[in-house]
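Quick look at start-v7.cif (mmCIF, C-alpha atoms):
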data_query
loop_
_atom_site.group_PDB
_atom_site.id
_atom_site.type_symbol
_atom_site.label_atom_id
_atom_site.label_comp_id
_atom_site.auth_asym_id
_atom_site.auth_seq_id
_atom_site.Cartn_x
_atom_site.Cartn_y
_atom_site.Cartn_z
ATOM 1 C CA MET A 1 114.259 102.887 97.586
ATOM 2 C CA PRO A 2 115.273 106.390 98.740
ATOM 3 C CA ASP A 3 114.373 108.237 101.911
ATOM 4 C CA GLN A 4 110.591 108.605 101.972
ATOM 5 C CA THR A 5 110.559 111.650 104.225
ATOM 6 C CA SER A 6 110.989 114.046 101.297
ATOM 7 C CA PRO A 7 109.405 114.114 97.817
ATOM 8 C CA GLN A 8 111.230 112.180 95.126
ATOM 9 C CA ASP A 9 111.088 112.332 91.342
ATOM 10 C CA PRO A 10 109.284 109.040 90.513
ATOM 11 C CA THR A 11 110.965 108.822 87.113
ATOM 12 C CA THR A 12 114.483 108.696 88.578
ATOM 13 C CA GLN A 13 114.207 107.605 92.217
ATOM 14 C CA GLU A 14 115.000 103.989 91.313
ATOM 15 C CA PRO A 15 117.631 102.782 88.815
ATOM 16 C CA ARG A 16 116.524 101.205 85.553
ATOM 17 C CA PRO A 17 117.547 97.527 85.356
ATOM 18 C CA GLY A 18 119.684 98.229 82.287
ATOM 19 C CA GLN A 19 121.493 94.902 82.483
ATOM 20 C CA PRO A 20 121.658 91.991 80.047
ATOM 21 C CA ALA A 21 119.702 88.850 80.830
ATOM 22 C CA ASP A 22 121.498 86.903 83.525
ATOM 23 C CA ASP A 23 122.145 83.204 83.075
ATOM 24 C CA LEU A 24 119.427 82.288 85.543
ATOM 25 C CA GLN A 25 117.420 79.095 85.562
ATOM 26 C CA PRO A 26 113.727 79.901 86.058
ATOM 27 C CA PRO A 27 112.296 81.065 88.336
ATOM 28 C CA GLY A 28 115.673 82.532 89.325
ATOM 29 C CA THR A 29 117.224 83.572 92.627
ATOM 30 C CA THR A 30 118.208 86.975 93.934
ATOM 31 C CA GLY A 31 121.842 86.086 94.537
ATOM 32 C CA GLU A 32 122.342 85.243 90.855
ATOM 33 C CA MET A 33 121.247 88.705 89.698
ATOM 34 C CA SER A 34 123.932 91.216 88.759
ATOM 35 C CA GLN A 35 121.562 94.003 89.837
ATOM 36 C CA GLU A 36 119.554 92.959 92.892
ATOM 37 C CA PRO A 37 116.087 94.430 93.489
ATOM 38 C CA ASP A 38 115.233 96.821 96.295
ATOM 39 C CA HIS A 39 112.964 95.109 98.826
ATOM 40 C CA GLY A 40 112.851 97.987 101.290
ATOM 41 C CA GLU A 41 115.565 96.520 103.497
ATOM 42 C CA SER A 42 117.010 99.908 104.384
ATOM 43 C CA THR A 43 113.953 102.105 103.952
ATOM 44 C CA TYR A 44 110.650 100.546 105.038
ATOM 45 C CA THR A 45 109.555 101.859 108.432
ATOM 46 C CA GLY A 46 106.596 100.259 110.165
ATOM 47 C CA SER A 47 104.030 101.874 112.424
ATOM 48 C CA GLY A 48 102.320 98.899 114.094
ATOM 49 C CA ARG A 49 99.524 98.538 111.543
ATOM 50 C CA LEU A 50 99.687 94.717 111.637
ATOM 51 C CA GLU A 51 100.632 94.220 115.270
ATOM 52 C CA GLY A 52 100.045 90.631 116.355
ATOM 53 C CA ARG A 53 98.815 89.434 112.949
ATOM 54 C CA ARG A 54 99.915 86.125 111.459
ATOM 55 C CA ALA A 55 100.498 86.005 107.700
ATOM 56 C CA LEU A 56 101.257 83.344 105.113
ATOM 57 C CA ILE A 57 102.991 84.576 101.942
ATOM 58 C CA THR A 58 103.510 82.232 99.000
ATOM 59 C CA GLY A 59 106.520 83.014 96.847
ATOM 60 C CA GLY A 60 107.805 84.868 99.887
ATOM 61 C CA ASP A 61 111.470 84.130 99.351
ATOM 62 C CA SER A 62 112.298 86.863 96.823
ATOM 63 C CA GLY A 63 110.963 89.730 94.741
ATOM 64 C CA ILE A 64 107.549 91.050 95.702
ATOM 65 C CA GLY A 65 107.109 88.330 98.314
ATOM 66 C CA ARG A 66 110.286 89.311 100.151
ATOM 67 C CA ALA A 67 109.320 92.993 100.149
ATOM 68 C CA VAL A 68 105.888 92.122 101.554
ATOM 69 C CA ALA A 69 107.403 89.882 104.236
ATOM 70 C CA ILE A 70 109.774 92.651 105.346
ATOM 71 C CA ALA A 71 106.992 95.229 105.434
ATOM 72 C CA PHE A 72 104.580 92.936 107.287
ATOM 73 C CA ALA A 73 107.223 92.112 109.903
ATOM 74 C CA ARG A 74 108.066 95.767 110.455
ATOM 75 C CA GLU A 75 104.349 96.446 110.867
ATOM 76 C CA GLY A 76 104.224 93.821 113.645
ATOM 77 C CA ALA A 77 103.213 90.576 111.924
ATOM 78 C CA ASP A 78 104.714 87.100 112.212
ATOM 79 C CA VAL A 79 105.288 85.620 108.767
ATOM 80 C CA ALA A 80 105.235 82.139 107.219
ATOM 81 C CA ILE A 81 107.056 81.952 103.895
ATOM 82 C CA GLY A 82 106.174 79.426 101.192
ATOM 83 C CA TYR A 83 108.900 78.817 98.585
ATOM 84 C CA LEU A 84 110.461 76.255 96.262
ATOM 85 C CA PRO A 85 113.156 74.110 97.943
ATOM 86 C CA GLU A 86 115.764 75.235 95.399
ATOM 87 C CA GLU A 87 115.251 78.817 96.611
ATOM 88 C CA GLU A 88 116.334 78.004 100.171
ATOM 89 C CA ALA A 89 119.084 80.650 100.258
ATOM 90 C CA ASP A 90 116.668 83.418 99.246
ATOM 91 C CA ALA A 91 114.071 82.213 101.756
ATOM 92 C CA ARG A 92 116.568 82.241 104.606
ATOM 93 C CA THR A 93 117.617 85.773 103.721
ATOM 94 C CA THR A 94 113.971 86.869 103.854
ATOM 95 C CA ALA A 95 113.527 85.083 107.186
ATOM 96 C CA ASP A 96 116.575 86.898 108.555
ATOM 97 C CA TRP A 97 114.988 90.251 107.702
ATOM 98 C CA VAL A 98 111.730 89.215 109.392
ATOM 99 C CA GLU A 99 113.592 88.173 112.525
ATOM 100 C CA LYS A 100 115.645 91.383 112.550
ATOM 101 C CA ALA A 101 112.295 93.178 112.829
ATOM 102 C CA GLY A 102 111.652 91.201 116.010
ATOM 103 C CA ARG A 103 108.997 88.938 114.481
ATOM 104 C CA ARG A 104 108.785 85.202 113.964
ATOM 105 C CA ALA A 105 109.633 83.702 110.565
ATOM 106 C CA VAL A 106 108.484 80.234 109.526
ATOM 107 C CA LEU A 107 110.041 78.596 106.445
ATOM 108 C CA LEU A 108 107.805 76.186 104.496
ATOM 109 C CA PRO A 109 109.501 74.728 101.391
ATOM 110 C CA GLY A 110 107.549 72.881 98.715
ATOM 111 C CA ASP A 111 105.969 73.112 95.277
ATOM 112 C CA VAL A 112 102.514 74.697 95.095
ATOM 113 C CA ARG A 113 101.773 72.671 91.960
ATOM 114 C CA ASP A 114 101.154 69.787 94.377
ATOM 115 C CA GLU A 115 97.660 69.952 95.904
ATOM 116 C CA SER A 116 98.658 67.971 98.991
ATOM 117 C CA PHE A 117 101.529 70.373 99.661
ATOM 118 C CA CYS A 118 99.151 73.335 99.365
ATOM 119 C CA ARG A 119 96.948 71.884 102.096
ATOM 120 C CA ARG A 120 99.966 71.093 104.245
ATOM 121 C CA LEU A 121 101.394 74.570 103.671
ATOM 122 C CA VAL A 122 98.351 76.117 105.304
ATOM 123 C CA THR A 123 98.116 73.686 108.213
ATOM 124 C CA ASP A 124 101.842 73.998 108.945
ATOM 125 C CA ALA A 125 101.619 77.801 108.862
ATOM 126 C CA VAL A 126 98.649 77.727 111.250
ATOM 127 C CA ASP A 127 100.348 75.266 113.601
ATOM 128 C CA GLN A 128 103.633 77.148 113.760
ATOM 129 C CA LEU A 129 102.188 80.670 113.874
ATOM 130 C CA GLY A 130 99.339 79.760 116.196
ATOM 131 C CA GLY A 131 96.690 80.860 113.697
ATOM 132 C CA LEU A 132 96.295 82.761 110.455
ATOM 133 C CA ASP A 133 94.970 86.280 109.847
ATOM 134 C CA VAL A 134 96.345 87.205 106.412
ATOM 135 C CA LEU A 135 96.900 85.095 103.305
ATOM 136 C CA VAL A 136 98.966 86.491 100.424
ATOM 137 C CA ASN A 137 98.726 84.388 97.256
ATOM 138 C CA ASN A 138 101.828 85.609 95.456
ATOM 139 C CA ALA A 139 103.639 82.582 93.977
ATOM 140 C CA ALA A 140 103.770 82.771 90.181
ATOM 141 C CA TYR A 141 105.582 81.491 87.116
ATOM 142 C CA GLN A 142 105.944 82.833 83.573
ATOM 143 C CA MET A 143 107.985 82.039 80.477
ATOM 144 C CA ALA A 144 108.001 84.413 77.513
ATOM 145 C CA GLN A 145 107.417 82.846 74.086
ATOM 146 C CA ASP A 146 108.311 84.817 70.961
ATOM 147 C CA GLU A 147 106.302 82.299 68.916
ATOM 148 C CA GLY A 148 103.164 83.168 70.861
ATOM 149 C CA LEU A 149 100.569 80.438 71.239
ATOM 150 C CA ARG A 150 102.530 78.132 68.919
ATOM 151 C CA GLY A 151 105.446 78.180 71.346
ATOM 152 C CA ILE A 152 103.442 77.276 74.467
ATOM 153 C CA SER A 153 103.854 73.569 75.163
ATOM 154 C CA THR A 154 101.406 71.587 77.272
ATOM 155 C CA GLU A 155 104.189 71.240 79.845
ATOM 156 C CA GLN A 156 104.593 75.013 80.097
ATOM 157 C CA LEU A 157 100.839 75.593 80.173
ATOM 158 C CA ASP A 158 100.478 73.088 82.986
ATOM 159 C CA ARG A 159 103.270 74.676 85.021
ATOM 160 C CA VAL A 160 101.894 78.203 84.611
ATOM 161 C CA PHE A 161 98.281 77.298 85.396
ATOM 162 C CA ARG A 162 99.064 75.005 88.322
ATOM 163 C CA THR A 163 101.469 77.524 89.904
ATOM 164 C CA ASN A 164 99.437 80.666 89.310
ATOM 165 C CA LEU A 165 95.838 79.482 89.427
ATOM 166 C CA TYR A 166 95.314 75.944 90.751
ATOM 167 C CA ALA A 167 97.466 76.691 93.793
ATOM 168 C CA LEU A 168 95.442 79.836 94.434
ATOM 169 C CA PHE A 169 92.262 77.757 94.678
ATOM 170 C CA TRP A 170 93.843 74.988 96.766
ATOM 171 C CA ILE A 171 95.615 77.254 99.263
ATOM 172 C CA THR A 172 92.705 79.655 99.694
ATOM 173 C CA LYS A 173 90.259 76.794 100.154
ATOM 174 C CA ALA A 174 92.463 75.297 102.867
ATOM 175 C CA ALA A 175 92.830 78.674 104.579
ATOM 176 C CA LEU A 176 89.098 79.331 104.855
ATOM 177 C CA ASP A 177 88.784 77.035 107.862
ATOM 178 C CA HIS A 178 91.359 79.122 109.745
ATOM 179 C CA LEU A 179 90.839 82.771 108.796
ATOM 180 C CA PRO A 180 88.814 84.650 111.424
ATOM 181 C CA ARG A 181 86.326 87.457 110.957
ATOM 182 C CA GLY A 182 88.486 90.435 110.063
ATOM 183 C CA GLY A 183 90.870 88.221 108.107
ATOM 184 C CA SER A 184 92.263 89.308 104.769
ATOM 185 C CA ILE A 185 93.124 87.497 101.534
ATOM 186 C CA ILE A 186 95.373 89.356 99.083
ATOM 187 C CA ASN A 187 96.014 87.973 95.610
ATOM 188 C CA THR A 188 98.719 89.106 93.197
ATOM 189 C CA THR A 189 97.197 89.727 89.776
ATOM 190 C CA SER A 190 98.975 91.850 87.132
ATOM 191 C CA ILE A 191 98.664 94.573 84.518
ATOM 192 C CA GLN A 192 98.696 91.545 82.208
ATOM 193 C CA ALA A 193 95.109 90.841 83.284
ATOM 194 C CA SER A 194 93.884 93.791 81.232
ATOM 195 C CA GLU A 195 96.848 94.451 78.917
ATOM 196 C CA PRO A 196 98.204 91.036 77.880
ATOM 197 C CA SER A 197 101.588 90.792 76.200
ATOM 198 C CA PRO A 198 101.544 88.462 73.187
ATOM 199 C CA GLN A 199 104.626 86.659 74.539
ATOM 200 C CA LEU A 200 102.909 85.945 77.873
ATOM 201 C CA LEU A 201 99.535 84.650 76.742
ATOM 202 C CA ASP A 202 99.289 81.799 79.261
ATOM 203 C CA TYR A 203 100.576 83.911 82.168
ATOM 204 C CA ALA A 204 98.258 86.809 81.294
ATOM 205 C CA SER A 205 95.284 84.422 81.169
ATOM 206 C CA THR A 206 95.956 83.253 84.717
ATOM 207 C CA LYS A 207 96.274 86.819 85.974
ATOM 208 C CA ALA A 208 92.900 87.738 84.466
ATOM 209 C CA ALA A 209 91.393 84.694 86.149
ATOM 210 C CA ILE A 210 92.925 85.735 89.483
ATOM 211 C CA LEU A 211 91.232 89.120 89.244
ATOM 212 C CA ASN A 212 87.884 87.455 88.536
ATOM 213 C CA PHE A 213 88.473 84.982 91.377
ATOM 214 C CA THR A 214 89.156 87.899 93.724
ATOM 215 C CA ARG A 215 85.909 89.645 92.840
ATOM 216 C CA GLY A 216 83.796 86.508 93.101
ATOM 217 C CA LEU A 217 85.308 85.205 96.330
ATOM 218 C CA ALA A 218 84.935 88.615 97.962
ATOM 219 C CA GLN A 219 81.180 88.345 97.472
ATOM 220 C CA GLN A 220 81.132 84.820 98.879
ATOM 221 C CA LEU A 221 83.065 85.715 102.026
ATOM 222 C CA ALA A 222 81.647 89.139 102.820
ATOM 223 C CA GLU A 223 79.108 87.728 105.287
ATOM 224 C CA GLU A 224 81.915 85.878 107.056
ATOM 225 C CA GLY A 225 83.788 89.140 107.584
ATOM 226 C CA ILE A 226 86.753 88.100 105.428
ATOM 227 C CA ARG A 227 87.937 90.613 102.842
ATOM 228 C CA VAL A 228 89.465 89.607 99.486
ATOM 229 C CA ASN A 229 91.449 92.056 97.376
ATOM 230 C CA ALA A 230 94.229 92.051 94.795
ATOM 231 C CA VAL A 231 97.355 93.993 93.944
ATOM 232 C CA ALA A 232 98.068 94.438 90.223
ATOM 233 C CA PRO A 233 101.778 95.055 89.608
ATOM 234 C CA GLY A 234 103.114 96.472 86.387
ATOM 235 C CA PRO A 235 106.694 95.688 85.310
ATOM 236 C CA ILE A 236 108.541 94.940 88.560
ATOM 237 C CA TRP A 237 112.226 94.009 88.738
ATOM 238 C CA THR A 238 112.441 90.515 90.272
ATOM 239 C CA PRO A 239 114.520 87.361 89.569
ATOM 240 C CA LEU A 240 111.720 86.026 87.378
ATOM 241 C CA ILE A 241 112.405 88.717 84.758
ATOM 242 C CA PRO A 242 116.003 87.928 83.722
ATOM 243 C CA ALA A 243 115.287 84.203 84.240
ATOM 244 C CA THR A 244 112.332 84.017 81.848
ATOM 245 C CA MET A 245 112.612 86.848 79.315
ATOM 246 C CA PRO A 246 114.830 87.335 76.229
ATOM 247 C CA GLU A 247 117.874 89.598 76.648
ATOM 248 C CA GLY A 248 116.453 92.409 74.517
ATOM 249 C CA LYS A 249 113.272 92.484 76.578
ATOM 250 C CA VAL A 250 115.203 92.563 79.853
ATOM 251 C CA GLU A 251 117.254 95.563 78.777
ATOM 252 C CA GLN A 252 114.078 97.491 77.884
ATOM 253 C CA PHE A 253 111.990 96.203 80.788
ATOM 254 C CA GLY A 254 109.648 98.882 82.167
ATOM 255 C CA GLY A 255 110.806 101.526 79.702
ATOM 256 C CA ASP A 256 107.370 101.701 78.068
ATOM 257 C CA THR A 257 105.614 102.915 81.232
ATOM 258 C CA PRO A 258 104.722 106.610 81.602
ATOM 259 C CA LEU A 259 107.283 106.802 84.428
ATOM 260 C CA GLY A 260 109.868 105.304 82.069
ATOM 261 C CA ARG A 261 111.262 102.573 84.298
ATOM 262 C CA ALA A 262 110.543 99.269 86.005
ATOM 263 C CA GLY A 263 109.246 99.319 89.548
ATOM 264 C CA GLN A 264 111.027 97.817 92.522
ATOM 265 C CA PRO A 265 109.449 95.309 94.945
ATOM 266 C CA ALA A 266 109.740 97.878 97.729
ATOM 267 C CA GLU A 267 107.268 100.048 95.835
ATOM 268 C CA LEU A 268 104.657 97.239 95.929
ATOM 269 C CA ALA A 269 104.806 96.374 99.626
ATOM 270 C CA PRO A 270 102.713 99.309 100.933
ATOM 271 C CA ALA A 271 99.764 98.167 98.800
ATOM 272 C CA TYR A 272 99.764 94.769 100.503
ATOM 273 C CA VAL A 273 100.095 96.384 103.935
ATOM 274 C CA PHE A 274 97.086 98.565 103.122
ATOM 275 C CA PHE A 275 94.869 95.605 102.191
ATOM 276 C CA ALA A 276 96.038 93.597 105.220
ATOM 277 C CA SER A 277 95.412 96.431 107.682
ATOM 278 C CA GLN A 278 92.329 97.974 109.221
ATOM 279 C CA GLU A 279 92.838 101.018 107.001
ATOM 280 C CA SER A 280 91.108 99.137 104.146
ATOM 281 C CA SER A 281 88.247 97.775 106.275
ATOM 282 C CA TYR A 282 85.536 98.927 103.824
ATOM 283 C CA ILE A 283 87.275 97.593 100.715
ATOM 284 C CA THR A 284 86.703 94.098 99.351
ATOM 285 C CA GLY A 285 86.571 92.631 95.857
ATOM 286 C CA ASP A 286 88.799 95.410 94.559
ATOM 287 C CA HIS A 287 92.345 95.858 93.336
ATOM 288 C CA LEU A 288 95.134 98.386 93.571
ATOM 289 C CA ALA A 289 97.238 98.876 90.437
ATOM 290 C CA VAL A 290 100.930 99.679 90.910
ATOM 291 C CA THR A 291 101.961 99.998 87.300
ATOM 292 C CA GLY A 292 104.167 103.046 86.744
ATOM 293 C CA GLY A 293 101.276 104.854 85.100
ATOM 294 C CA ARG A 294 100.038 102.171 82.738
ATOM 295 C CA LEU A 295 96.247 102.123 82.826
ATOM 296 C CA PHE A 296 94.620 99.035 84.291
#

I need this file expressed as structure tokens, please.
Amino acid sequence: MPDQTSPQDPTTQEPRPGQPADDLQPPGTTGEMSQEPDHGESTYTGSGRLEGRRALITGGDSGIGRAVAIAFAREGADVAIGYLPEEEADARTTADWVEKAGRRAVLLPGDVRDESFCRRLVTDAVDQLGGLDVLVNNAAYQMAQDEGLRGISTEQLDRVFRTNLYALFWITKAALDHLPRGGSIINTTSIQASEPSPQLLDYASTKAAILNFTRGLAQQLAEEGIRVNAVAPGPIWTPLIPATMPEGKVEQFGGDTPLGRAGQPAELAPAYVFFASQESSYITGDHLAVTGGRLF
């Protein structure tokens, strides 16, 4: 992401992926990508907006999660990172960036498809951070199917729903006993919630449910002083894309947006910072779309 002190042309400020599908096993790791995403490593500058906060980010090892972890740390937050054990290298890289910002990083490996791990994830984050102020439900899985519904096996459906939706319920439920008044829950939905791709029917269904969950839970928790909001990314360049999409789709990824390119994780992070900070204190049950101009 370029220097933010001067205006940039949003159609050209980031490179288009433009690479063939890498031979990545889903969900993919950053180090395997021939063109790594921009997570804001060299550009994000904090201003103390999350000073002293304690945040748990699921899927925090790479992609959007890594960009959010870097931004949160540079804004003054300690960060616990949930991730799959096979993504250890990515998680440690993210932790290094958090620690370089002078904040504490806690690594919590496990599979969010396991309800008992989801409960343990929260309690371990609370124990090691000394509390919890912000929860970011970001872990997700997708697998494109050119055959549409006919190509979605029960095994795939189960993986997508348990990763994207069941875990959201389990982790959030466990966190409610720890979030204080003024706490914030931020869920990652998607442009797919309102504009589903035929090849991502199961994934899109979970993202629509996440948006509905966000709106309903916000009403439940308003009296407790806990805000619930969502960020809706459009096409964002992360390891999940080359690991789960056909080569032709990868090469064209993001080209159908009005801005003509895929977004980078660094361009998502400020939305999460906004919802986690006091700047959004009168916003709950809402979402912020970061979609390159596609209407949500």

Residues matched by the PyMOL selection byres ((chain A and resi 230) around 7), written as JSON, numbers by chain: {"A": [186, 187, 188, 189, 211, 214, 229, 231, 232, 286, 287, 288]}

Would you compute the box with edges along x, y and z of the file around stretch 44-51 of chain A, including every atom the file lists for it and 5 Å extra on each side, and give its centre and edge lengths in Å to one decimal, as AutoDock Vina command-line options?
--center_x 105.1 --center_y 98.0 --center_z 110.2 --size_x 21.1 --size_y 17.7 --size_z 20.2

Point (111.0, 100.5, 103.3) neighbourhood (10 Å, all atoms listed in the file) written as a PDB file with C-alpha atoms, in the frame of the given file:
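New file out-v6.pdb:
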ATOM      1  CA  MET A   1     114.259 102.887  97.586  1.00  0.00           C
ATOM      2  CA  PRO A   2     115.273 106.390  98.740  1.00  0.00           C
ATOM      3  CA  ASP A   3     114.373 108.237 101.911  1.00  0.00           C
ATOM      4  CA  GLN A   4     110.591 108.605 101.972  1.00  0.00           C
ATOM      5  CA  ASP A  38     115.233  96.821  96.295  1.00  0.00           C
ATOM      6  CA  HIS A  39     112.964  95.109  98.826  1.00  0.00           C
ATOM      7  CA  GLY A  40     112.851  97.987 101.290  1.00  0.00           C
ATOM      8  CA  GLU A  41     115.565  96.520 103.497  1.00  0.00           C
ATOM      9  CA  SER A  42     117.010  99.908 104.384  1.00  0.00           C
ATOM     10  CA  THR A  43     113.953 102.105 103.952  1.00  0.00           C
ATOM     11  CA  TYR A  44     110.650 100.546 105.038  1.00  0.00           C
ATOM     12  CA  THR A  45     109.555 101.859 108.432  1.00  0.00           C
ATOM     13  CA  GLY A  46     106.596 100.259 110.165  1.00  0.00           C
ATOM     14  CA  ALA A  67     109.320  92.993 100.149  1.00  0.00           C
ATOM     15  CA  VAL A  68     105.888  92.122 101.554  1.00  0.00           C
ATOM     16  CA  ILE A  70     109.774  92.651 105.346  1.00  0.00           C
ATOM     17  CA  ALA A  71     106.992  95.229 105.434  1.00  0.00           C
ATOM     18  CA  ARG A  74     108.066  95.767 110.455  1.00  0.00           C
ATOM     19  CA  PRO A 265     109.449  95.309  94.945  1.00  0.00           C
ATOM     20  CA  ALA A 266     109.740  97.878  97.729  1.00  0.00           C
ATOM     21  CA  GLU A 267     107.268 100.048  95.835  1.00  0.00           C
ATOM     22  CA  ALA A 269     104.806  96.374  99.626  1.00  0.00           C
ATOM     23  CA  PRO A 270     102.713  99.309 100.933  1.00  0.00           C
TER      24      PRO A 270
END

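Between A:Gln145 and the candidates A:Leu132, A:Leu200, A:Asp9, A:Ala77, the tightest atom-to-atom separation, counting only C-alpha atoms, involves A:Leu200.
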
Gap from atom CA of A:Arg150 to atom CA of A:Phe169 - Å, one decimal: 27.7 Å

Surrounding residues of A:Ala140 excluding itself and chain neighbours under 4 positions, 9 Å, all atoms listed in the file, as a ChimeraX atom specification: /A:27,58-59,160,163-165,188,203

Hits of the PyMOL selection byres ((chain A and resi 171-184) around 9) in this structure, as number ranges by chain: A: 112, 115, 118-123, 126, 131-137, 166-170, 185-186, 224-229, 275-278, 281

From A:Asn138, A:Ser116, A:Thr291, A:Ser280, residue lying nearest A:Glu195 [only C-alpha atoms]: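 Result for the nearest residue to A:Glu195: A:Thr291.
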
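Distance-wise, atom CA of A:Phe72 and atom CA of A:Ala209 end up 26.2 Å apart.
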
Distance criterion (all atoms listed in the file): nearest to A:Ala80 out of A:Arg294, A:Lys207, A:Arg215, A:Arg53: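 Smallest separation from A:Ala80 among the options: A:Arg53.
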
Could you state which residues are captured by the PyMOL selection byres ((chain A and resi 87) around 9) in this file, as a compact mmCIF listing (two decimals) with C-alpha atoms, keeping the file's coordinate frame?
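Saved to part09.txt:
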# COMPACT_ATOMS: atom_id res chain seq x y z
CA GLY A 28 115.67 82.53 89.32
CA THR A 29 117.22 83.57 92.63
CA ASP A 61 111.47 84.13 99.35
CA SER A 62 112.30 86.86 96.82
CA TYR A 83 108.90 78.82 98.58
CA LEU A 84 110.46 76.26 96.26
CA PRO A 85 113.16 74.11 97.94
CA GLU A 86 115.76 75.24 95.40
CA GLU A 88 116.33 78.00 100.17
CA ALA A 89 119.08 80.65 100.26
CA ASP A 90 116.67 83.42 99.25
CA ALA A 91 114.07 82.21 101.76
CA ARG A 92 116.57 82.24 104.61
CA PRO A 109 109.50 74.73 101.39

Since fewer atoms than expected are present, regenerate N, CA, C and O atoms for stretch 67-81 of chain A and write them as a short mmCIF file (atom, residue, chain, number, x, y, z; two decimals), keeping the file's coordinate frame.
data_model
loop_
_atom_site.label_atom_id
_atom_site.label_comp_id
_atom_site.auth_asym_id
_atom_site.auth_seq_id
_atom_site.Cartn_x
_atom_site.Cartn_y
_atom_site.Cartn_z
N ALA A 67 109.65 91.62 99.73
CA ALA A 67 109.32 92.99 100.15
C ALA A 67 108.10 93.01 101.05
O ALA A 67 108.05 93.76 102.04
N VAL A 68 107.10 92.19 100.73
CA VAL A 68 105.89 92.12 101.55
C VAL A 68 106.21 91.53 102.92
O VAL A 68 105.73 92.03 103.96
N ALA A 69 107.04 90.50 102.96
CA ALA A 69 107.40 89.88 104.24
C ALA A 69 108.13 90.88 105.13
O ALA A 69 107.86 90.96 106.34
N ILE A 70 109.05 91.65 104.56
CA ILE A 70 109.77 92.65 105.35
C ILE A 70 108.82 93.71 105.88
O ILE A 70 108.86 94.08 107.06
N ALA A 71 107.94 94.19 105.01
CA ALA A 71 106.99 95.23 105.43
C ALA A 71 106.04 94.71 106.50
O ALA A 71 105.77 95.39 107.50
N PHE A 72 105.50 93.51 106.30
CA PHE A 72 104.58 92.94 107.29
C PHE A 72 105.27 92.80 108.64
O PHE A 72 104.68 93.12 109.69
N ALA A 73 106.51 92.29 108.64
CA ALA A 73 107.22 92.11 109.90
C ALA A 73 107.45 93.44 110.60
O ALA A 73 107.28 93.56 111.82
N ARG A 74 107.81 94.47 109.84
CA ARG A 74 108.07 95.77 110.46
C ARG A 74 106.78 96.46 110.89
O ARG A 74 106.83 97.40 111.68
N GLU A 75 105.65 95.95 110.40
CA GLU A 75 104.35 96.45 110.87
C GLU A 75 103.83 95.62 112.04
O GLU A 75 102.75 95.90 112.56
N GLY A 76 104.58 94.57 112.45
CA GLY A 76 104.22 93.82 113.64
C GLY A 76 103.69 92.43 113.43
O GLY A 76 103.21 91.80 114.38
N ALA A 77 103.77 91.90 112.21
CA ALA A 77 103.21 90.58 111.92
C ALA A 77 104.29 89.49 111.96
O ALA A 77 105.43 89.73 111.58
N ASP A 78 103.90 88.29 112.41
CA ASP A 78 104.71 87.10 112.21
C ASP A 78 104.41 86.56 110.82
O ASP A 78 103.28 86.68 110.33
N VAL A 79 105.42 85.95 110.19
CA VAL A 79 105.29 85.62 108.77
C VAL A 79 105.73 84.19 108.48
O VAL A 79 106.83 83.77 108.87
N ALA A 80 104.87 83.44 107.77
CA ALA A 80 105.24 82.14 107.22
C ALA A 80 105.50 82.33 105.73
O ALA A 80 104.73 83.00 105.03
N ILE A 81 106.59 81.74 105.26
CA ILE A 81 107.06 81.95 103.90
C ILE A 81 107.02 80.64 103.13
O ILE A 81 107.72 79.68 103.49
#
